[in-house]
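Everything on this sheet refers to the single structure shown next.
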4 protein chains.
Amino acid sequence: MGMVGGGRGAFIGAVHRMAARLDGEIDLVAGCFSSDAAKSKASGADFFIDPARVYASYAEMAQAEAALPTDQRIDFVSVVTRNNTHFAVAKAFLEAGIHVVCDKPLCFTLAEGRKLRTLVQKSGLVFALTHNYTGYPMVKEARSWVRCGKLGKLLKVIVEYPQGYAITALESAADTKISNWRMDPSIAGLSNCMGDIGTHAHNLARYITGLEIEEICAELSTFIPGRPLDDDGNCLLRFTGGAKGILFASQVSSGDENNLNIRVYGTKGSLEWHQENPNELAFKRADAPPTISRRGNSYLSAAAQGATRTPFAHPEGFIEAFANVYRAAATAIADQVAGRKAPKEGYDFPTVDDGIAGLAFIESAVKSSQRGAKWVKFPKI
Amino acid sequence: MGMVGGGRGAFIGAVHRMAARLDGEIDLVAGCFSSDAAKSKASGADFFIDPARVYASYAEMAQAEAALPTDQRIDFVSVVTRNNTHFAVAKAFLEAGIHVVCDKPLCFTLAEGRKLRTLVQKSGLVFALTHNYTGYPMVKEARSWVRCGKLGKLLKVIVEYPQGYAITALESAADTKISNWRMDPSIAGLSNCMGDIGTHAHNLARYITGLEIEEICAELSTFIPGRPLDDDGNCLLRFTGGAKGILFASQVSSGDENNLNIRVYGTKGSLEWHQENPNELAFKRADAPPTISRRGNSYLSAAAQGATRTPFAHPEGFIEAFANVYRAAATAIADQVAGRKAPKEGYDFPTVDDGIAGLAFIESAVKSSQRGAKWVKFPKI
Amino acid sequence: MGMVGGGRGAFIGAVHRMAARLDGEIDLVAGCFSSDAAKSKASGADFFIDPARVYASYAEMAQAEAALPTDQRIDFVSVVTRNNTHFAVAKAFLEAGIHVVCDKPLCFTLAEGRKLRTLVQKSGLVFALTHNYTGYPMVKEARSWVRCGKLGKLLKVIVEYPQGYAITALESAADTKISNWRMDPSIAGLSNCMGDIGTHAHNLARYITGLEIEEICAELSTFIPGRPLDDDGNCLLRFTGGAKGILFASQVSSGDENNLNIRVYGTKGSLEWHQENPNELAFKRADAPPTISRRGNSYLSAAAQGATRTPFAHPEGFIEAFANVYRAAATAIADQVAGRKAPKEGYDFPTVDDGIAGLAFIESAVKSSQRGAKWVKFPKI
Amino acid sequence: MGMVGGGRGAFIGAVHRMAARLDGEIDLVAGCFSSDAAKSKASGADFFIDPARVYASYAEMAQAEAALPTDQRIDFVSVVTRNNTHFAVAKAFLEAGIHVVCDKPLCFTLAEGRKLRTLVQKSGLVFALTHNYTGYPMVKEARSWVRCGKLGKLLKVIVEYPQGYAITALESAADTKISNWRMDPSIAGLSNCMGDIGTHAHNLARYITGLEIEEICAELSTFIPGRPLDDDGNCLLRFTGGAKGILFASQVSSGDENNLNIRVYGTKGSLEWHQENPNELAFKRADAPPTISRRGNSYLSAAAQGATRTPFAHPEGFIEAFANVYRAAATAIADQVAGRKAPKEGYDFPTVDDGIAGLAFIESAVKSSQRGAKWVKFPKI
């Protein structure tokens with residue numbers, strides 16, 4: 001694969017590389033790791049890339065790689081740049097006939113996202129979005145429970161993503177942690193907190209429940225004075241079909257780390273999953289003791305077992321979950337390269353449609369909040 | 001003490017009796033345990049009460065007890081009847097010059113509650129409301145943290161009370177668990193779920209944080225068809241001073257038991273408490289490991305230590321917390337009887353004002369929900 | 001009831017009184033609360049006892065109460081004095097024809113315990129020993145699982161009771177916490193740690209599993225220099241029938257509070273219970289998710305349900321468990337007083353035989369340790 | 001690197017490959033993946049290895065690789081064969097001048113281990129043993145606490161490793177899970193359970209505490225009839241310097257998965273770590289609330305921070321811990337290759353000396369058990 005973005009010091013780029021590498025079937029062989037050509041070059045050396053395939057611009061990279069013989073050029077590109085450039089980079093590679101794995105959020109705006117979808121559809125190429133939390137085996141187990149009816153009809157969803165990393169700004173002048181591009185509307189888009197993590201919570205809820213939002217009432221807050229974007233948000237949700245929900249996210253929840261949690265309640269039972277303890281999944285119902293299902297066991301669904309690399313209680317974590325997105329996308333790409341048909345149940349990775357849903361969530365939440373937390377209709381995805 | 005309500009088979013009456021008795025300073029000596037005189041009599045025998053002081057009506061009881069010499073009559077009455085009768089019963093005893101301990105919610109309506117407050121104020125008597133969850137030592141510890149500034153300025157409150165006991169109705173025709181008076185608007189009032197448990201969540205948040213709601217946006221739901229009142233509700237809150245909140249409660253959250261939890265986030269740290277694990281209180285902040293404070297230790301505040309009966313890790317529970325309300329009320333009554341002044345920091349039990357706040361919460365939530373979950377102003381308390 | 005010991009400031013006496021009182025069926029009406037007559041008197045006043053029934057010595061008390069008419073005298077006495085006086089006090093009341101509830105350990109020595117058993121047997125009276133941890137509902141559930149074969153054949157038992165309260169002595173000269181009678185061999189007996197808490201661990205394991213020790217290899221330690229008795233001990237156990245075990249207890253396990261835990265492993269499954277979280281009981285087995293049974297639910301055994309006072313997730317604790325011992329003993333006494341036969345499944349409280357087993361444990365552990373942690377045979381109980 | 005063993009279907013070989021690969025600095029380029037040449041070849045193809053470097057025997061591989069130019073041959077070999085072959089394979093590569101990473105236990109016997117140590121010392125080459133559990137960041141944090149005196153003088157160590165995977169044999173005829181080579185004395189050595197997992201527990205305790213065993217009293221059991229080796233064991237330990245310990249391990253602890261846990265008690269405080277929840281480490285002491293340190297935070301020691309790849313609460317697991325052993329060994333090898341001196345604090349990976357200690361543990365435990373669980377002296381390491 002190739003990579004755009006993710007040079008020295010970038011957190012998420014390093015995660016993408018570890019995730020891609022884990023299973024020994026994907027090698028990083030080309031990249032444009034920074035818009036600064038020197039930094040790109042230096043990063044390429046760090047990663048043991050042939051200097052000839054370290055590029056100064058993504059456009060040059062797309063062209064040059066496309067020009068290589070099929071068995072030499074990259075099979076796909078991983079796009080790990082900032083939000084406002086996803087569209088242009090993805091477009092360049094799609095037009096060059098190269099498959100794309102892209103970090104979330106999909107694009108800068110919903111309108112842009114829709115254009116990208118059209119490009120993807122026209123190209124016939126694989127496009128995977130790294131909503132990585134759905135890569136956890138026990139999240140796949142949760143989805144399988146909903147699908148097989150173990151919870152009955154769904155009534156209520158509580159999904160939350162409190163973090164505290166941006167609270168310290170209040171205390172110190174050197175607001176380095178959050179005074180980064182995530183707080184710059186020209187890079188991050190309409191929202192900081194909802195775009196950065198709220199959209200992960202939304203994606204997780206959609207993946208597990210299959211429910212789509214019909215109306216949303218959102219109150220975004222900027223608790224730390226002077227910030228141009230939100231650092232916290234609370235939403236009430238009405239899902240198609242009558243279920244209700246609460247989604248909240250925060251980056252000023254002091255002392256919380258990466259506290260993404262979901263509870264789904266149905267008429268027959270409920271489930272609960274915590275990202276910080278990802279190898280367990282609770283099932284609760286009336287009149288029977290709760291059970292704690294654990295990763296790696298033979299009693300789990302095929303989806304959960306297939307997403308596992310080590311035996312039970314040899315804990316798996318964030319990188320392994322991320323790697324599951326890569327593995328699924330790589331399978332789809334390999335099938336296409338080899339001319340194999342897709343399996344009839346499809347592939348299990350987030351797509352451009354999931355990206356559209358995420359952008360719709362961000363825009364709706366912002367719109368509702370700007371109106372004083374009034375209910376707004378969720379756009380068609 | 002005397003008791004009105006709480007005859008054979010009544011859950012909360014039995015809890016009141018155990019709580020009152022625990023410290024060996026309160027004896028039950030009179031009562032009207034049922035509006036059915038025979039049942040009242042039989043219950044009195046169960047409780048080893050002198051038959052002469054088992055009454056057929058609360059009015060008779062108030063009169064008869066008031067007529068006894070001071071050292072023989074009850075010092076106070078415990079009112080554990082259904083919501084719609086609290087006002088009349090409390091009124092009768094207040095007018096007879098007898099102190100009152102009353103179960104929550106305070107009254108049937110906010111207007112009624114305000115009348116009761118006037119009566120209490122005029123009487124000069126002690127009136128305690130058994131919002132028992134504030135009796136837990138670690139809840140008192142949480143309040144002391146907020147008061148001493150350990151959390152900094154408060155930003156966000158998440159308080160929740162999901163239960164699942166009313167979900168089974170869907171499955172079975174014999175909807176005995178919920179087809180009780182709590183679902184009867186003529187007894188329970190405007191709301192089932194918000195009145196029964198939402199108001200506990202609200203009271204807990206007020207007690208710990210001292211914050212008052214300014215505006216509320218509430219969506220109450222009735223998930224089980226045919227029920228005349230709500231069985232679930234989600235609220236967004238705006239507190240005076242700028243903090244935001246989420247409060248939700250449910251009786252159809254399958255498999256949840258009595259899952260009252262609160263998280264309070266401030267600029268300097270956050271706290272987290274779970275009613276089902278009441279002997280612990282977590283403190284979290286950036287850049288230091290979270291701590292788990294535990295009941296019964298010398299490092300706790302005086303308020304928390306004073307509300308404890310056993311050494312650390314000899315777990316205390318629901319009854320002990322309940323007993324703390326009784327003990328505090330009994331101290332106030334004993335002080336008044338003995339002509340002692342109240343301590344300058346006051347007493348630590350829920351009052352008629354807390355009851356008014358609770359009724360204001362119920363009525364506001366219902367009002368907002370009836371308008372389609374629009375924001376409404378919270379009434380003056 | 002009456003009480004011997006437990007005057008002002010005594011921890012366990014206060015617990016006994018709360019436990020006895022909780023259900024409203026036992027009143028404290030007489031006592032000798034201290035060997036110091038003035039302190040006994042003052043304590044009697046604290047507890048609202050008729051001064052005529054506050055005695056200066058237990059011998060006087062036994063005589064005087066026995067001389068009262070049956071419907072006026074105490075039905076039983078609660079003995080909460082130090083270890084070395086249990087025998088004499090119990091003997092006095094048994095000989096006066098009064099039932100006895102006695103704190104653990106049963107007596108000062110095993111030989112003394114055997115004499116007491118003979119007295120109990122001759123008297124035909126009820127004798128209950130307050131090994132209170134077996135009063136927890138989920139401990140009763142655990143026992144019922146073993147009895148009904150849910151775990152299969154038992155293979156292994158791990159029971160532990162680490163505390164840390166005696167560690168601070170190292171740091172400060174004022175070793176008040178442990179320089180008390182528990183460290184005085186003339187009062188406590190052969191062992192401090194094994195006698196005070198090891199015997200609770202042993203009793204808990206016996207109660208749940210029904211297994212008896214056949215051989216024991218124990219190493220007792222005195223980590224804090226200058227102490228005359230052990231403050232820590234580790235034991236290997238061989239049970240009759242082939243199961244193996246580990247039992248350890250400590251009072252110098254820094255930061256542990258009252259950390260009594262048990263794990264029982266069988267061929268079909270295993271159970272795990274933690275005293276500090278007493279409302280839950282885990283069941284684990286191969287090839288199925290672990291379950292967490294919770295107090296107060298209808299899926300529990302009759303024994304567990306019958307030992308419960310509040311609904312699920314209204315936590316019960318130490319006092320309620322203690323009260324279950326009192327309630328069971330009171331039932332046996334009431335049956336005897338009323339001339340009713342005992343139920344065919346017997347009563348569920350610890351007896352003089354359990355006390356003998358506890359003393360056998362203490363003496364065997366000390367003997368093994370004194371021989372350099374060699375295996376010794378466990379005496380016949 | 002090259003690999004010996006670990007062909008298709010082998011669990012631990014796959015883990016070694018993922019661990020080695022994770023950081024992008026180690027490539028697998030040669031191997032003898034099975035003693036069956038065809039299987040070795042097929043496995044090599046699975047792993048995308050140049051067929052010319054897939055060998056039919058480890059001896060051939062050692063020779064052929066040693067004959068390659070320095071910049072083409074493998075830098076080190078990873079030995080993931082069965083216990084009884086470690087010595088011969090490691091010897092072949094050491095004699096060929098190739099560094100070695102070897103799975104545990106070090107060798108078949110202690111005597112063999114000592115011979116291997118001599119070979120390692122003579123060769124001057126890097127030899128790393130994959131006692132992987134010491135690779136967890138929070139285990140490194142624990143060690144740093146002990147070293148800096150945070151716990152005071154150590155008094156007691158409780159380390160345990162119960163698993164249940166071998167219990168099902170009782171129930172089913174098809175005892176495939178345990179009827180493997182681990183139960184064959186000619187392959188596994190003197191012990192199954194102590195050799196397979198007890199030695200991990202021992203290594204973990206040594207790594208964290210720095211304590212060495214002086215005497216051991218061990219009782220090994222074979223609970224499932226017909227097994228030639230132990231499936232369970234309980235040990236009492238006496239450490240040099242006076243601390244005491246308990247170590248137990250089991251493969252018939254029904255329902256336990258990979259439940260390696262350690263508690264270390266000192267005069268100033270205690271620590272607790274659970275392998276199944278590896279991102280947390282508890283610290284407990286008298287008179288202050290316990291703290292829960294969490295991986296990835298800036299408050300941790302340099303050792304813990306340096307062993308981390310993702311931010312706090314992006315959970316890391318078993319593979320990442322394993323990769324830390326590889327990374328440390330690779331650093332040592334790279335330093336040697338580049339002629340750099342070792343850092344003065346040394347490298348942080350298990351060595352041949354740790355392997356000797358592990359074999360001494362196994363042999364002592366077996367010896368003690370064979371004598372009826374008598375105390376035996378621990379051999380000099």
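Convention: chains lettered A, B, ... in structure tokens order; per-chain residue numbering from 1; ligands numbered from 1 as shown.
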Residues of chain A within 8 Å of chain B, counting only C-alpha atoms, what are they? List them as a ChimeraX atom specification. /A:155-156,164-165,167-168,170,223,234-236,246,252-256,265-270,284-287,290,374
Close residues, Leu94 in chain D itself excluded, 8 Å, only C-alpha atoms, min 2 positions apart in chain, as a PyMOL selection string: chain D and resi 90-92+96-100+119-120+123+125
Dump N, CA, C and O atoms for the selected residues as a PDB file, in the first residue's frame?
```pdb
ATOM      1  N   ALA D  90      18.928 -23.701  19.525  1.00  0.00           N
ATOM      2  CA  ALA D  90      19.629 -22.484  19.935  1.00  0.00           C
ATOM      3  C   ALA D  90      21.135 -22.656  19.784  1.00  0.00           C
ATOM      4  O   ALA D  90      21.849 -21.767  19.302  1.00  0.00           O
ATOM      5  N   LYS D  91      21.606 -23.816  20.165  1.00  0.00           N
ATOM      6  CA  LYS D  91      23.037 -24.116  20.049  1.00  0.00           C
ATOM      7  C   LYS D  91      23.512 -23.973  18.601  1.00  0.00           C
ATOM      8  O   LYS D  91      24.537 -23.337  18.319  1.00  0.00           O
ATOM      9  N   ALA D  92      22.753 -24.539  17.693  1.00  0.00           N
ATOM     10  CA  ALA D  92      23.155 -24.500  16.282  1.00  0.00           C
ATOM     11  C   ALA D  92      23.320 -23.061  15.793  1.00  0.00           C
ATOM     12  O   ALA D  92      24.275 -22.720  15.090  1.00  0.00           O
ATOM     13  N   ALA D  96      26.627 -20.744  14.928  1.00  0.00           N
ATOM     14  CA  ALA D  96      26.740 -20.136  13.604  1.00  0.00           C
ATOM     15  C   ALA D  96      26.873 -18.614  13.704  1.00  0.00           C
ATOM     16  O   ALA D  96      26.888 -17.916  12.678  1.00  0.00           O
ATOM     17  N   GLY D  97      26.931 -18.093  14.917  1.00  0.00           N
ATOM     18  CA  GLY D  97      27.130 -16.651  15.093  1.00  0.00           C
ATOM     19  C   GLY D  97      25.873 -15.833  14.915  1.00  0.00           C
ATOM     20  O   GLY D  97      25.911 -14.626  14.667  1.00  0.00           O
ATOM     21  N   ILE D  98      24.731 -16.474  15.082  1.00  0.00           N
ATOM     22  CA  ILE D  98      23.447 -15.782  14.873  1.00  0.00           C
ATOM     23  C   ILE D  98      22.739 -15.600  16.221  1.00  0.00           C
ATOM     24  O   ILE D  98      22.629 -16.539  17.003  1.00  0.00           O
ATOM     25  N   HIS D  99      22.270 -14.354  16.462  1.00  0.00           N
ATOM     26  CA  HIS D  99      21.558 -14.052  17.697  1.00  0.00           C
ATOM     27  C   HIS D  99      20.269 -14.880  17.785  1.00  0.00           C
ATOM     28  O   HIS D  99      19.720 -15.282  16.764  1.00  0.00           O
ATOM     29  N   VAL D 100      19.785 -15.046  19.022  1.00  0.00           N
ATOM     30  CA  VAL D 100      18.640 -15.943  19.224  1.00  0.00           C
ATOM     31  C   VAL D 100      17.560 -15.298  20.097  1.00  0.00           C
ATOM     32  O   VAL D 100      17.856 -14.704  21.141  1.00  0.00           O
ATOM     33  N   LEU D 119      27.161 -21.530  26.568  1.00  0.00           N
ATOM     34  CA  LEU D 119      27.283 -21.245  25.130  1.00  0.00           C
ATOM     35  C   LEU D 119      26.974 -19.785  24.819  1.00  0.00           C
ATOM     36  O   LEU D 119      27.653 -19.143  24.013  1.00  0.00           O
ATOM     37  N   VAL D 120      25.921 -19.270  25.423  1.00  0.00           N
ATOM     38  CA  VAL D 120      25.547 -17.870  25.176  1.00  0.00           C
ATOM     39  C   VAL D 120      26.672 -16.953  25.625  1.00  0.00           C
ATOM     40  O   VAL D 120      27.087 -16.031  24.905  1.00  0.00           O
ATOM     41  N   SER D 123      29.597 -17.060  23.342  1.00  0.00           N
ATOM     42  CA  SER D 123      29.348 -16.487  22.015  1.00  0.00           C
ATOM     43  C   SER D 123      29.331 -14.962  22.029  1.00  0.00           C
ATOM     44  O   SER D 123      29.595 -14.318  21.020  1.00  0.00           O
ATOM     45  N   LEU D 125      26.767 -13.347  22.018  1.00  0.00           N
ATOM     46  CA  LEU D 125      25.593 -12.960  21.227  1.00  0.00           C
ATOM     47  C   LEU D 125      24.402 -12.619  22.126  1.00  0.00           C
ATOM     48  O   LEU D 125      24.374 -12.967  23.311  1.00  0.00           O
TER      49      LEU D 125
END
```
Give me, as a list of chain:residue names, all polymer residues having an atom no more than 7 Å from His274 in chain C, counting only C-alpha atoms and skipping those fewer than 5 positions away in the same chain.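 The residues satisfying every condition are C:Leu260, C:Asn261, C:Ile262.
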Please identify all polymer residues within 12 Å of Lys39 in chain B, counting only C-alpha atoms, omitting same-chain residues fewer than 2 positions from it, and present them as a list in words. Gly5, Gly6, Gly7, Arg8, Gly9, Ala10, Gly31, Cys32, Phe33, Ser34, Ser35, Asp36, Ala37, Lys41, Ala42, Ser43, Gly44, Ala45, Asp46, Val54, Tyr55, Ala56 and Ser57 of chain B
Report, in Å to a single decimal, how far apart CA of Gly13 in chain A and CA of Pro105 in chain A are.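 That distance, rounded to one decimal, is 14.8 Å.
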How would you write, as a compact mmCIF listing (two decimals) with N, CA and C atoms, in the first residue's frame, the set of residues in range 181-303 of chain D that DSSP gives as helix (DSSP H, G or I)?
```txt
# COMPACT_ATOMS: atom_id res chain seq x y z
N TRP D 181 1.29 -32.33 23.19
CA TRP D 181 2.66 -32.57 23.65
C TRP D 181 2.93 -32.01 25.04
N ARG D 182 2.13 -31.04 25.49
CA ARG D 182 2.39 -30.47 26.81
C ARG D 182 2.24 -31.52 27.92
N MET D 183 1.48 -32.57 27.61
CA MET D 183 1.28 -33.63 28.59
C MET D 183 2.23 -34.80 28.36
N PRO D 185 5.79 -36.24 28.77
CA PRO D 185 7.04 -35.94 29.50
C PRO D 185 8.27 -35.94 28.61
N SER D 186 8.21 -36.66 27.50
CA SER D 186 9.40 -36.70 26.65
C SER D 186 9.55 -35.41 25.84
N ILE D 187 8.50 -34.62 25.77
CA ILE D 187 8.56 -33.34 25.05
C ILE D 187 8.51 -32.16 26.02
N ALA D 188 7.58 -32.24 26.97
CA ALA D 188 7.36 -31.09 27.86
C ALA D 188 8.35 -31.04 29.01
N CYS D 193 1.88 -28.26 33.99
CA CYS D 193 1.28 -27.01 34.42
C CYS D 193 2.34 -26.03 34.93
N MET D 194 3.27 -26.51 35.73
CA MET D 194 4.31 -25.62 36.24
C MET D 194 5.23 -25.14 35.12
N GLY D 195 5.51 -26.04 34.17
CA GLY D 195 6.39 -25.67 33.07
C GLY D 195 5.72 -24.73 32.08
N ASP D 196 4.45 -24.96 31.83
CA ASP D 196 3.76 -24.17 30.82
C ASP D 196 3.38 -22.80 31.35
N ILE D 197 2.78 -22.73 32.54
CA ILE D 197 2.29 -21.44 33.02
C ILE D 197 2.83 -21.06 34.40
N GLY D 198 3.11 -22.04 35.26
CA GLY D 198 3.67 -21.70 36.57
C GLY D 198 4.95 -20.88 36.40
N THR D 199 5.73 -21.26 35.40
CA THR D 199 6.98 -20.55 35.17
C THR D 199 6.75 -19.11 34.71
N HIS D 200 5.65 -18.86 34.05
CA HIS D 200 5.31 -17.46 33.73
C HIS D 200 5.01 -16.68 35.01
N ALA D 201 4.25 -17.32 35.90
CA ALA D 201 3.92 -16.64 37.16
C ALA D 201 5.18 -16.34 37.96
N HIS D 202 6.06 -17.34 37.99
CA HIS D 202 7.33 -17.16 38.71
C HIS D 202 8.15 -16.04 38.10
N ASN D 203 8.24 -16.03 36.77
CA ASN D 203 9.01 -14.99 36.10
C ASN D 203 8.43 -13.60 36.36
N LEU D 204 7.12 -13.52 36.32
CA LEU D 204 6.47 -12.23 36.55
C LEU D 204 6.79 -11.70 37.95
N ALA D 205 6.71 -12.59 38.94
CA ALA D 205 7.00 -12.18 40.31
C ALA D 205 8.45 -11.73 40.46
N ARG D 206 9.36 -12.48 39.86
CA ARG D 206 10.78 -12.10 39.93
C ARG D 206 11.02 -10.76 39.27
N TYR D 207 10.40 -10.57 38.10
CA TYR D 207 10.63 -9.33 37.34
C TYR D 207 10.17 -8.12 38.13
N ILE D 208 8.98 -8.23 38.70
CA ILE D 208 8.43 -7.07 39.42
C ILE D 208 9.14 -6.84 40.74
N THR D 209 9.36 -7.91 41.49
CA THR D 209 9.86 -7.73 42.86
C THR D 209 11.37 -7.78 42.98
N ALA D 302 9.24 6.20 33.04
CA ALA D 302 9.79 6.16 31.67
C ALA D 302 9.69 4.74 31.10
N ALA D 303 9.92 3.74 31.94
CA ALA D 303 9.86 2.35 31.45
C ALA D 303 8.48 2.02 30.92
```
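Atom to atom, CA of Leu211 in chain B and CA of Asp354 in chain B stand 12.5 Å apart.
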DSSP strand (DSSP E or B) selection over range 167-229 of chain B, as a ChimeraX atom specification: /B:213-221
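Every protein, DNA or RNA residue with an atom at most 9 Å from Ala19 in chain A, where only C-alpha atoms count and chain neighbours fewer than 6 positions away do not, is listed here: Ile319, Glu320, Ala321, Phe322, Ala323, Asn324, Val325, Tyr326 and Arg327 of chain A; Leu22 of chain D.
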